[in-house]
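**Q** Below is the structure I would like to discuss, written out as structure tokens.
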Amino acid sequence: MGKYFAVGSITNALKGRDILSGKGIHSYIERTPQGMPGGGCGYSIYVPGDFQTAEKVLDSAGLTGGRKEGNRR
Amino acid sequence: MIYLDNAATTYPKPRPVIDAVTRALRVYGANPGRSGYSMSIATSEEVYRCRTAAAGFFNAPGPECVAFTVNCTNAVNYVLKGLLKPGDHAVVSSLEHNAVMRPLDALREKGVTFTKAEVFRGDNDSTVDSFRKAINGRTKLIICTHASNVWGIRLPVERIAALAHEYGIRMAVDCAQSAGVLPIDINGSGIDYLCAAGHKGLYGPMGTGMLIAPDGGSLATVIEGGTGTQSALSSQPVTMPDRMESGTQNVPGIAGLRAGIEFVKARGIKNINRHEMEIIRYMYDEMSKMKYIRLYTRQPQPEYYVPVLSFNVGSIPSETAGRLFAEKGIAVRAGLHCAPEAHRFMGTQENGAVRVAPSVFTGIGEAKQFLFALGRIARDNH
């Protein structure tokens, strides 16, 4: 099980992915799953591994938003 | 053709720019930032690469600060109309392009006022002082050109930005003529809103421009619409860059712009500036020896000028001179250059002037051919 981080725009998603990658955390960019906060549409970063660390990294980068644990679709 | 109209748009474009545009049309064919399938994500990545390149080039805090526009004029409009409300006051310079003056004229009908600060050539202290005197208690924004599109005169924008912040005023800079020719550091300069053309000194395709604004999300919007984010909400997102980027983006243009920025980075701004200033100074020196040629500035020095030079040929109307150059296969720009304020500044508002501007591709041989043609035009018409 991993975690989805809804970050809004594709720009935020790509930025977040690059920051996580720089910290050695692998992630995927996906459309935000329905039911997550964010106002509909937009992108999420899915972290299959150490999502606790990923959360701290994304928080410190200001990439906050809806979060949801689950398996990658 | 000898092309000396690079202040309007650079030509030719570097080969990597042409290749990037072509590749975008072939490979990046899906709408970026709208879907999750591979071509849409790949297209988004290409747009993001340009955002990252631009943020790095101008030392902006991050790629999200870069909003793509269709040109510099649009970026200026976004700032002026997004920030100024009835009762607000702005300060501009005496060298502004219509990209600044016409939106302000339209805003005047809504109760926005503005003051023109005089520019003193070669005297930055007096220029900054002039801006200080133009500020009043309602001043919300200083907006000025980084370099005149007619006379090449540089403004001390870092000092003007420091002045603006001293009074709690925002600072916007029209970098249409300076991006790619002068180093610009958003973090270090205090510029709040940087408006740039993509198709001039950055060598991107026409139809590209940028608004680079760390706090762009606080601007009211001029255009609203689909952004691919928060679609259930009727209000425009407040986050950059989506706030300023409604509708489908110009992906081929943006791909070309990225290649253009990388081209400039590889060549080096200092080298480009040195090369173009050498051409301009050579032209100036030769023209200053010629009969009938009217020059309006001192010999352009890099600390006070960008490589743009305007002149007149005796009493020949500038548009006539432009036509005579065209007949000889030389592309120059005549008239008022969409900047009547800059012409008023120099007293050329009636006849305009003829402008030449080299690019990184302009050689000394082309400068010599231009000077030969100029000599013929001057002789044949007096």
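Every chain in the structure tokens has a letter given in the order shown (A, B, ...), and although residue numbers restart at 1 in each chain, ligands are simply numbered from 1 in the order shown.
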Report as a list of chain:residue names: the residues of chain A with a DSSP assignment of strand (DSSP E or B), based on the backbone of this structure.

**A**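 Of chain A, the ones in strand (DSSP E or B) are A:Gly2, A:Lys3, A:Tyr4, A:Phe5, A:Ala6, A:Val7, A:Gly8, A:Tyr28, A:Ile29, A:Glu30, A:Arg31, A:Tyr43, A:Ser44, A:Ile45, A:Tyr46, A:Val47, A:Arg67, A:Lys68, A:Glu69, A:Gly70.
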
**Q** Could you take the residues named above and write them with C-alpha atoms, as an mmCIF file, in the first residue's frame?

**A**
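Heads up, here's the output in part-v3.cif:
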data_model
loop_
_atom_site.group_PDB
_atom_site.id
_atom_site.type_symbol
_atom_site.label_atom_id
_atom_site.label_comp_id
_atom_site.auth_asym_id
_atom_site.auth_seq_id
_atom_site.Cartn_x
_atom_site.Cartn_y
_atom_site.Cartn_z
ATOM 1 C CA GLY A 2 1.172 3.517 -0.846
ATOM 2 C CA LYS A 3 -0.243 6.996 -0.625
ATOM 3 C CA TYR A 4 -1.728 9.539 -2.998
ATOM 4 C CA PHE A 5 -0.810 13.198 -2.532
ATOM 5 C CA ALA A 6 -3.163 15.498 -4.438
ATOM 6 C CA VAL A 7 -1.113 18.530 -5.492
ATOM 7 C CA GLY A 8 -3.397 20.249 -8.003
ATOM 8 C CA TYR A 28 4.348 8.246 -10.023
ATOM 9 C CA ILE A 29 2.226 11.050 -11.411
ATOM 10 C CA GLU A 30 -1.430 10.225 -11.830
ATOM 11 C CA ARG A 31 -4.727 11.956 -12.226
ATOM 12 C CA TYR A 43 -2.885 15.574 -10.460
ATOM 13 C CA SER A 44 -1.568 13.500 -7.595
ATOM 14 C CA ILE A 45 1.793 12.058 -6.749
ATOM 15 C CA TYR A 46 1.553 8.388 -5.819
ATOM 16 C CA VAL A 47 4.312 7.153 -3.533
ATOM 17 C CA ARG A 67 -3.893 12.672 0.935
ATOM 18 C CA LYS A 68 -5.227 9.154 0.735
ATOM 19 C CA GLU A 69 -3.668 5.783 1.385
ATOM 20 C CA GLY A 70 -4.383 3.029 -1.074
#

**Q** Enumerate the residues of chain A with a DSSP assignment of helix (DSSP H, G or I), computed from the backbone, and present them as a ChimeraX atom specification.

**A** /A:10-22,51-60

**Q** Just the residues within 7 Å of region 252-269 of chain B, please, counting only C-alpha atoms, with nothing from its chain fewer than 6 positions along; format it as a ChimeraX atom specification.

**A** /B:16-18,20-21,24-25,46-47,50,53,180-183,198,202-205,207-208

**Q** So what do you get for CA of Glu327 (chain B) versus CA of Leu374 (chain B), distance-wise?

**A**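 If I compute the distance from CA of Glu327 (chain B) to CA of Leu374 (chain B), I get 11.9 Å.
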
**Q** What are the residues of chain A lining chain B at 10 Å or less? Count only C-alpha atoms, and put the answer as a ChimeraX atom specification.

**A** /A:7-15,29-32,37-43

**Q** Counting only C-alpha atoms, figure out which residue out of B:Val251, B:Val76, B:Val112, B:Leu4 gets nearest to Ile279 (chain B).

**A**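 Nearest to Ile279 (chain B): B:Leu4.
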